[in-house]
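Source file work-v8.cif; content: mmCIF, C-alpha atoms and all ligand atoms.
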data_upload
#
loop_
_atom_site.label_atom_id
_atom_site.label_comp_id
_atom_site.auth_asym_id
_atom_site.auth_seq_id
_atom_site.Cartn_x
_atom_site.Cartn_y
_atom_site.Cartn_z
CA MET A 1 -11.00 146.70 -240.17
CA SER A 2 -12.22 143.13 -239.71
CA GLU A 3 -15.76 142.69 -240.99
CA ALA A 4 -16.47 140.71 -237.84
CA ARG A 5 -15.90 143.80 -235.74
CA ARG A 6 -18.70 146.29 -236.20
CA PRO A 7 -17.43 149.80 -235.54
CA LEU A 8 -18.87 151.56 -232.50
CA ILE A 9 -19.07 155.35 -232.64
CA SER A 10 -19.72 156.72 -229.15
CA GLY A 11 -20.45 160.28 -228.10
CA ASN A 12 -19.17 161.10 -224.63
CA TRP A 13 -20.98 164.27 -223.67
CA LYS A 14 -18.95 164.63 -220.45
CA MET A 15 -20.41 167.32 -218.11
CA ASN A 16 -22.31 169.09 -220.88
CA HIS A 17 -26.01 169.48 -221.76
CA ASN A 18 -28.80 169.68 -219.19
CA HIS A 19 -31.74 167.37 -219.81
CA PHE A 20 -33.54 169.85 -222.08
CA GLU A 21 -30.40 170.29 -224.21
CA ALA A 22 -29.89 166.54 -224.19
CA ILE A 23 -33.38 165.95 -225.60
CA GLN A 24 -32.70 168.46 -228.38
CA THR A 25 -29.35 166.88 -229.21
CA ILE A 26 -30.66 163.32 -229.51
CA GLN A 27 -33.61 164.55 -231.59
CA LYS A 28 -31.29 166.48 -233.91
CA LEU A 29 -29.02 163.45 -234.22
CA ALA A 30 -31.94 161.22 -235.12
CA TYR A 31 -32.95 163.75 -237.77
CA ALA A 32 -29.41 163.94 -239.20
CA LEU A 33 -29.09 160.17 -239.65
CA ASN A 34 -31.02 157.91 -242.05
CA ALA A 35 -31.99 154.34 -241.27
CA GLU A 36 -29.29 152.97 -243.58
CA ASP A 37 -26.59 155.01 -241.84
CA TYR A 38 -26.77 152.46 -239.03
CA ASP A 39 -26.28 149.47 -241.35
CA HIS A 40 -22.56 149.04 -240.73
CA VAL A 41 -22.02 150.85 -237.47
CA ASP A 42 -23.21 150.87 -233.86
CA VAL A 43 -23.83 154.26 -232.28
CA SER A 44 -24.04 155.22 -228.62
CA VAL A 45 -24.49 158.48 -226.71
CA HIS A 46 -23.29 158.97 -223.13
CA PRO A 47 -25.11 161.88 -221.51
CA PRO A 48 -24.66 162.94 -217.87
CA TYR A 49 -26.61 160.86 -215.33
CA THR A 50 -29.30 163.54 -214.94
CA ASP A 51 -30.15 163.29 -218.65
CA LEU A 52 -30.32 159.52 -218.98
CA ARG A 53 -34.02 159.09 -218.32
CA SER A 54 -34.95 161.90 -220.73
CA VAL A 55 -32.74 160.56 -223.53
CA GLN A 56 -33.99 157.01 -222.94
CA THR A 57 -37.57 158.21 -223.30
CA VAL A 58 -36.85 159.94 -226.63
CA ILE A 59 -34.89 156.97 -228.00
CA GLN A 60 -37.72 154.58 -227.14
CA ALA A 61 -40.60 156.83 -228.18
CA ASP A 62 -39.04 157.58 -231.59
CA ASP A 63 -37.44 154.15 -232.05
CA ILE A 64 -33.98 155.66 -232.63
CA PRO A 65 -31.30 153.00 -233.25
CA VAL A 66 -28.82 154.67 -230.91
CA ALA A 67 -27.69 152.86 -227.76
CA LEU A 68 -27.81 154.68 -224.46
CA GLY A 69 -24.54 154.86 -222.56
CA ALA A 70 -23.30 156.13 -219.20
CA GLN A 71 -19.99 157.80 -218.39
CA ASN A 72 -19.20 156.09 -215.09
CA CYS A 73 -20.66 153.89 -212.35
CA HIS A 74 -19.88 152.53 -208.92
CA TRP A 75 -18.86 148.90 -208.44
CA GLU A 76 -21.02 148.16 -205.40
CA ALA A 77 -24.62 147.06 -205.88
CA SER A 78 -26.10 149.52 -203.37
CA GLY A 79 -25.39 151.11 -200.02
CA ALA A 80 -23.89 154.11 -198.29
CA PHE A 81 -21.95 155.62 -201.22
CA THR A 82 -23.18 159.20 -201.34
CA GLY A 83 -23.22 160.61 -204.85
CA GLU A 84 -22.60 157.31 -206.62
CA VAL A 85 -24.78 155.42 -209.10
CA SER A 86 -24.95 151.62 -209.33
CA THR A 87 -24.89 149.49 -212.44
CA SER A 88 -28.35 148.07 -211.72
CA MET A 89 -29.73 151.63 -211.74
CA LEU A 90 -28.16 152.15 -215.16
CA ALA A 91 -29.37 148.79 -216.48
CA LYS A 92 -32.90 149.72 -215.39
CA LEU A 93 -32.68 152.72 -217.73
CA ASP A 94 -31.77 150.39 -220.62
CA VAL A 95 -28.18 151.58 -220.67
CA THR A 96 -26.11 149.37 -222.98
CA TYR A 97 -22.54 150.71 -222.62
CA VAL A 98 -20.78 152.19 -219.60
CA ILE A 99 -17.49 154.06 -219.95
CA VAL A 100 -15.07 153.02 -217.19
CA GLY A 101 -11.65 154.44 -216.44
CA HIS A 102 -11.90 157.50 -218.65
CA SER A 103 -8.64 159.44 -218.34
CA GLU A 104 -10.53 162.33 -216.71
CA ARG A 105 -11.69 159.91 -214.00
CA ARG A 106 -8.19 158.53 -213.64
CA GLU A 107 -6.38 161.89 -213.67
CA LEU A 108 -8.86 164.18 -211.89
CA PHE A 109 -10.50 161.71 -209.51
CA GLY A 110 -7.64 159.31 -208.88
CA GLU A 111 -9.22 156.15 -210.26
CA THR A 112 -6.85 153.20 -210.24
CA ASP A 113 -6.66 150.18 -212.52
CA SER A 114 -8.06 147.98 -209.77
CA GLU A 115 -11.08 150.28 -209.36
CA VAL A 116 -11.56 150.29 -213.13
CA ASN A 117 -11.42 146.50 -213.02
CA ARG A 118 -14.11 146.39 -210.31
CA LYS A 119 -16.29 148.75 -212.31
CA ALA A 120 -15.86 146.73 -215.51
CA ASN A 121 -16.89 143.58 -213.64
CA ALA A 122 -19.91 145.32 -212.13
CA VAL A 123 -21.01 146.53 -215.57
CA LEU A 124 -20.69 143.01 -216.96
CA ALA A 125 -22.58 141.49 -214.03
CA ALA A 126 -25.46 143.87 -214.74
CA GLY A 127 -25.61 142.69 -218.36
CA MET A 128 -24.08 145.79 -219.94
CA THR A 129 -20.83 146.33 -221.88
CA PRO A 130 -17.99 148.37 -220.42
CA ILE A 131 -15.96 150.72 -222.60
CA VAL A 132 -12.62 150.46 -220.82
CA CYS A 133 -10.41 153.49 -221.44
CA MET A 134 -6.64 153.75 -221.46
CA GLY A 135 -3.97 156.14 -222.66
CA GLU A 136 -0.73 157.89 -221.84
CA THR A 137 0.18 161.46 -220.93
CA LEU A 138 2.41 163.62 -223.10
CA GLU A 139 5.29 163.22 -220.62
CA GLU A 140 4.94 159.44 -220.76
CA ARG A 141 4.94 159.49 -224.56
CA GLN A 142 7.98 161.76 -224.70
CA ALA A 143 9.78 159.51 -222.23
CA GLY A 144 9.12 156.47 -224.43
CA ALA A 145 6.85 155.00 -221.76
CA ALA A 146 3.53 155.08 -223.65
CA GLU A 147 3.42 151.38 -224.47
CA SER A 148 4.31 150.26 -220.95
CA LYS A 149 1.72 152.62 -219.41
CA VAL A 150 -0.98 151.24 -221.69
CA ALA A 151 0.17 147.66 -221.07
CA GLY A 152 -0.26 148.16 -217.32
CA GLN A 153 -3.73 149.61 -217.87
CA VAL A 154 -4.82 146.71 -220.09
CA GLN A 155 -3.50 144.09 -217.68
CA GLY A 156 -4.81 145.84 -214.55
CA SER A 157 -8.19 146.88 -215.89
CA LEU A 158 -9.03 143.52 -217.49
CA ALA A 159 -7.48 141.26 -214.83
CA GLY A 160 -9.48 138.11 -214.19
CA ILE A 161 -12.03 138.69 -216.95
CA ALA A 162 -12.62 135.49 -218.95
CA PRO A 163 -11.34 135.42 -222.57
CA GLU A 164 -14.81 134.90 -224.05
CA VAL A 165 -15.99 137.97 -222.14
CA VAL A 166 -12.98 140.05 -223.20
CA ALA A 167 -13.89 139.20 -226.81
CA GLU A 168 -17.17 141.12 -226.33
CA LEU A 169 -15.65 144.17 -224.62
CA VAL A 170 -14.95 147.61 -225.98
CA LEU A 171 -11.58 149.22 -225.22
CA ALA A 172 -10.82 152.85 -225.94
CA TYR A 173 -7.34 154.17 -226.59
CA GLU A 174 -7.36 157.86 -225.72
CA PRO A 175 -3.94 159.52 -225.55
CA ILE A 176 -4.45 162.13 -222.84
CA TRP A 177 -2.50 164.77 -224.77
CA ALA A 178 -5.02 164.50 -227.62
CA ILE A 179 -8.18 164.97 -225.54
CA GLY A 180 -9.89 168.31 -226.00
CA THR A 181 -6.66 169.85 -227.32
CA GLY A 182 -7.27 169.72 -231.05
CA GLU A 183 -4.16 167.51 -231.23
CA THR A 184 -4.99 164.18 -232.81
CA ALA A 185 -2.69 161.21 -232.82
CA THR A 186 -1.72 160.61 -236.43
CA PRO A 187 -3.62 157.68 -237.93
CA ALA A 188 -0.30 155.79 -237.94
CA ASP A 189 0.36 156.49 -234.23
CA ALA A 190 -3.22 155.61 -233.28
CA GLN A 191 -3.02 152.40 -235.31
CA GLN A 192 0.32 151.50 -233.77
CA MET A 193 -1.04 151.76 -230.20
CA CYS A 194 -4.35 150.07 -231.01
CA GLY A 195 -2.37 147.22 -232.61
CA HIS A 196 -0.24 147.06 -229.46
CA ILE A 197 -3.38 146.85 -227.32
CA ARG A 198 -4.73 144.04 -229.49
CA SER A 199 -1.46 142.11 -229.16
CA LEU A 200 -1.59 142.57 -225.38
CA VAL A 201 -5.08 141.09 -225.42
CA ALA A 202 -3.81 138.20 -227.57
CA ASP A 203 -0.96 137.56 -225.11
CA GLY A 204 -3.20 137.67 -222.04
CA TRP A 205 -6.52 136.29 -223.27
CA GLY A 206 -5.83 134.51 -226.56
CA ALA A 207 -6.34 135.05 -230.27
CA ALA A 208 -10.13 134.82 -230.25
CA ALA A 209 -10.41 137.52 -227.59
CA ALA A 210 -8.00 139.75 -229.53
CA ASP A 211 -9.93 139.21 -232.74
CA GLY A 212 -13.28 140.00 -231.15
CA VAL A 213 -12.52 142.92 -228.86
CA ARG A 214 -13.40 146.31 -230.33
CA ILE A 215 -10.84 149.07 -229.87
CA GLN A 216 -11.97 152.67 -230.24
CA TYR A 217 -9.70 155.65 -230.74
CA GLY A 218 -10.52 158.87 -228.87
CA GLY A 219 -8.93 162.32 -228.75
CA SER A 220 -10.02 165.24 -230.95
CA VAL A 221 -11.92 163.03 -233.40
CA LYS A 222 -13.69 165.35 -235.86
CA PRO A 223 -15.61 164.86 -239.11
CA GLY A 224 -12.44 165.72 -241.04
CA ASN A 225 -10.09 163.18 -239.44
CA ALA A 226 -12.54 160.35 -238.67
CA PRO A 227 -12.45 158.69 -242.12
CA GLU A 228 -8.68 158.12 -242.06
CA LEU A 229 -8.59 157.09 -238.38
CA MET A 230 -11.45 154.64 -238.89
CA GLY A 231 -9.67 153.19 -241.92
CA GLN A 232 -6.88 151.74 -239.75
CA PRO A 233 -7.03 147.96 -239.34
CA ASP A 234 -7.00 147.90 -235.53
CA ILE A 235 -9.31 150.88 -234.96
CA ASP A 236 -12.92 149.74 -234.58
CA GLY A 237 -14.65 152.97 -233.76
CA ALA A 238 -14.33 156.31 -232.02
CA LEU A 239 -14.97 157.76 -228.58
CA VAL A 240 -15.86 161.34 -229.39
CA GLY A 241 -15.97 164.25 -226.93
CA GLY A 242 -16.41 167.81 -228.18
CA ALA A 243 -17.65 166.94 -231.67
CA ALA A 244 -20.36 164.71 -230.17
CA LEU A 245 -22.09 167.74 -228.64
CA VAL A 246 -23.00 169.01 -232.10
CA ALA A 247 -25.47 166.61 -233.71
CA ASP A 248 -24.46 167.36 -237.31
CA ASP A 249 -20.76 166.86 -236.59
CA PHE A 250 -21.40 163.61 -234.74
CA ALA A 251 -23.63 162.38 -237.58
CA ARG A 252 -20.81 163.03 -240.06
CA ILE A 253 -18.44 161.01 -237.87
CA VAL A 254 -21.00 158.17 -237.74
CA ASN A 255 -21.05 158.36 -241.55
CA PHE A 256 -17.24 158.27 -241.85
CA ARG A 257 -17.55 155.62 -244.57
CA LEU A 258 -19.10 158.12 -246.98
CA TYR A 259 -15.98 160.29 -246.75
CA GLN A 260 -13.32 157.57 -247.01
CA ALA A 261 -10.96 157.77 -249.98
P1 LIG A 301 -12.42 165.18 -227.42
O1 LIG A 301 -13.02 164.51 -228.61
O2 LIG A 301 -13.14 166.42 -227.00
O3 LIG A 301 -10.93 165.36 -227.58
O4 LIG A 301 -12.61 164.16 -226.18
C1 LIG A 301 -12.20 162.86 -226.31
C2 LIG A 301 -12.69 162.09 -225.15
O5 LIG A 301 -12.18 162.20 -224.05
C3 LIG A 301 -13.85 161.19 -225.35
O6 LIG A 301 -14.05 160.39 -224.24
#
How does this structure look as structure tokens?
Ligand code: 13P
Amino acid sequence: MSEARRPLISGNWKMNHNHFEAIQTIQKLAYALNAEDYDHVDVSVHPPYTDLRSVQTVIQADDIPVALGAQNCHWEASGAFTGEVSTSMLAKLDVTYVIVGHSERRELFGETDSEVNRKANAVLAAGMTPIVCMGETLEERQAGAAESKVAGQVQGSLAGIAPEVVAELVLAYEPIWAIGTGETATPADAQQMCGHIRSLVADGWGAAAADGVRIQYGGSVKPGNAPELMGQPDIDGALVGGAALVADDFARIVNFRLYQA
């Protein structure tokens, strides 16, 4: 892992935890981590929209060095979009990172690369950082189409974004077959695809963008497998689902360095 790229460990809570449970979870996480645990790593939590204000209040009141994140957004600034939330609303809550194009959004809600691209641009325009997700299905992997699927997602989702902006982005490689299944990509497979993503960024946006962009791995990351995954040269962090709901487990993932061989 390049020293220039600070790992980002993000907890995607998905549709879990009401705002009372969210408050408990962030408080437990703060208790489980010491000040020095944040020295070499950035940490974010991504609660459901209805919890954001509560978690923001706890983070600020207790001065917790965890960034607030959202799981989604709309690309328009405001208007008649029932049920949607704009990036300026998120920025007003001091949200730092917004996940865009999570595979559950793509697969269950039909989000396209061009929509993900619009969302990423809206997040950037509001002064926040998008975490742009990509990954292949099991069928695509078995058919030998994983790299081409991910290439299309990188090119489509990041189209038109300036190289110096791409250098500051976070990408997340999440093989769909590894999400919530207990199946993890092997560290070698995860490294191979994250390296592929970095070379796609180099081809499209140049060496400086490729060197700067942070690439997370996601898909059944647990305390036990995080140290080896995070030890791969092109993996700069983790996007954690299930294990992020349990503060002690997430804290151990944040502290992956302590468990590395
Ligand atoms: P799990 O860690 O539960 O497999 O979820 C991964 C994920 O989708 C994070 O965004």
What box, with edges along x, y and z, holds each listed atom of ligand LIG 301 (chain A) when 5 Å is added on every side, and can you state its centre and edge lengths in Å to one decimal, as JSON?
{"center_x": -12.5, "center_y": 163.4, "center_z": -226.3, "size_x": 13.1, "size_y": 16.0, "size_z": 14.6}
Practice item. Would you list the residues that come within 7 Å of ligand LIG 301 (chain A)? Count all atoms listed in the file and give the answer as a list of chain:residue names. Key: A:Asn12, A:His102, A:Glu174, A:Ala178, A:Ile179, A:Gly180, A:Thr181, A:Gly182, A:Gly218, A:Gly219, A:Ser220, A:Val221, A:Leu239, A:Val240, A:Gly241, A:Gly242, A:Ala243
Find the residues of region 69-175 of chain A that sit at most 12 Å from region 47-58 of chain A; for each, write down the nearest two atoms and how far apart they are in Å, to one decimal. Count all atoms listed in the file. Sort by chain, then by number going up, and give it as a tab-separated table.
residue	atom	partner	partner_atom	distance
A:Gly69	CA	A:Pro47	CA	7.1
A:Ala70	CA	A:Pro47	CA	6.5
A:Gln71	CA	A:Pro48	CA	7.0
A:Asn72	CA	A:Tyr49	CA	8.8
A:Cys73	CA	A:Tyr49	CA	9.6
A:Gly83	CA	A:Tyr49	CA	11.0
A:Glu84	CA	A:Tyr49	CA	10.2
A:Val85	CA	A:Tyr49	CA	8.5
A:Ser86	CA	A:Tyr49	CA	11.1
A:Thr87	CA	A:Tyr49	CA	11.9
A:Met89	CA	A:Tyr49	CA	10.4
A:Leu90	CA	A:Leu52	CA	8.6
A:Ala91	CA	A:Leu52	CA	11.1
A:Lys92	CA	A:Arg53	CA	9.9
A:Leu93	CA	A:Arg53	CA	6.5
A:Asp94	CA	A:Gln56	CA	7.4
A:Val95	CA	A:Gln56	CA	8.3
A:Thr96	CA	A:Gln56	CA	11.0
A:Tyr97	CA	A:Pro47	CA	11.5
A:Val98	CA	A:Pro47	CA	10.8
A:Ile99	CA	A:Pro47	CA	11.0
I'd like a table as CSV: residues in region 114-196 of chain A with an atom no more than 6 Å from region 231-236 of chain A, each row giving the shortest atom pair and its distance in Å to one decimal, only C-alpha atoms counted, sorted by chain and rising residue number.
residue,atom,partner,partner_atom,distance
A:Gln191,CA,A:Gln232,CA,5.9
A:Cys194,CA,A:Asp234,CA,5.7
A:Gly195,CA,A:Asp234,CA,5.5
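Using all atoms listed in the file, the nearest neighbour of Pro175 (chain A) within the list A:Ala126, A:Ala210, A:Glu104, A:Ala244 is A:Glu104.
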**Study point:** Best match for closeness to Tyr217 (chain A) among A:Val116, A:Ile9, A:Leu169, A:Leu158, counting all atoms listed in the file
**Key:**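 Looking only at the distances to Tyr217 (chain A), the closest residue turns out to be A:Ile9.
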Check your understanding: Could you work out how far CA of Ile59 (chain A) lies from CA of Ala172 (chain A), giving the answer in Å with one decimal?
Key ->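 Computing the Euclidean distance for CA of Ala172 (chain A) and CA of Ile59 (chain A) yields 24.5 Å.
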Point to revise | Selection: 9 Å around Pro187 (chain A), only C-alpha atoms, excl. self and same-chain fewer than 3 positions, as a list in words | key: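 Returned residues: Thr184, Ala190, Gln191, Gln192, Asn225, Glu228, Leu229, Met230, Gly231 and Gln232 of chain A.
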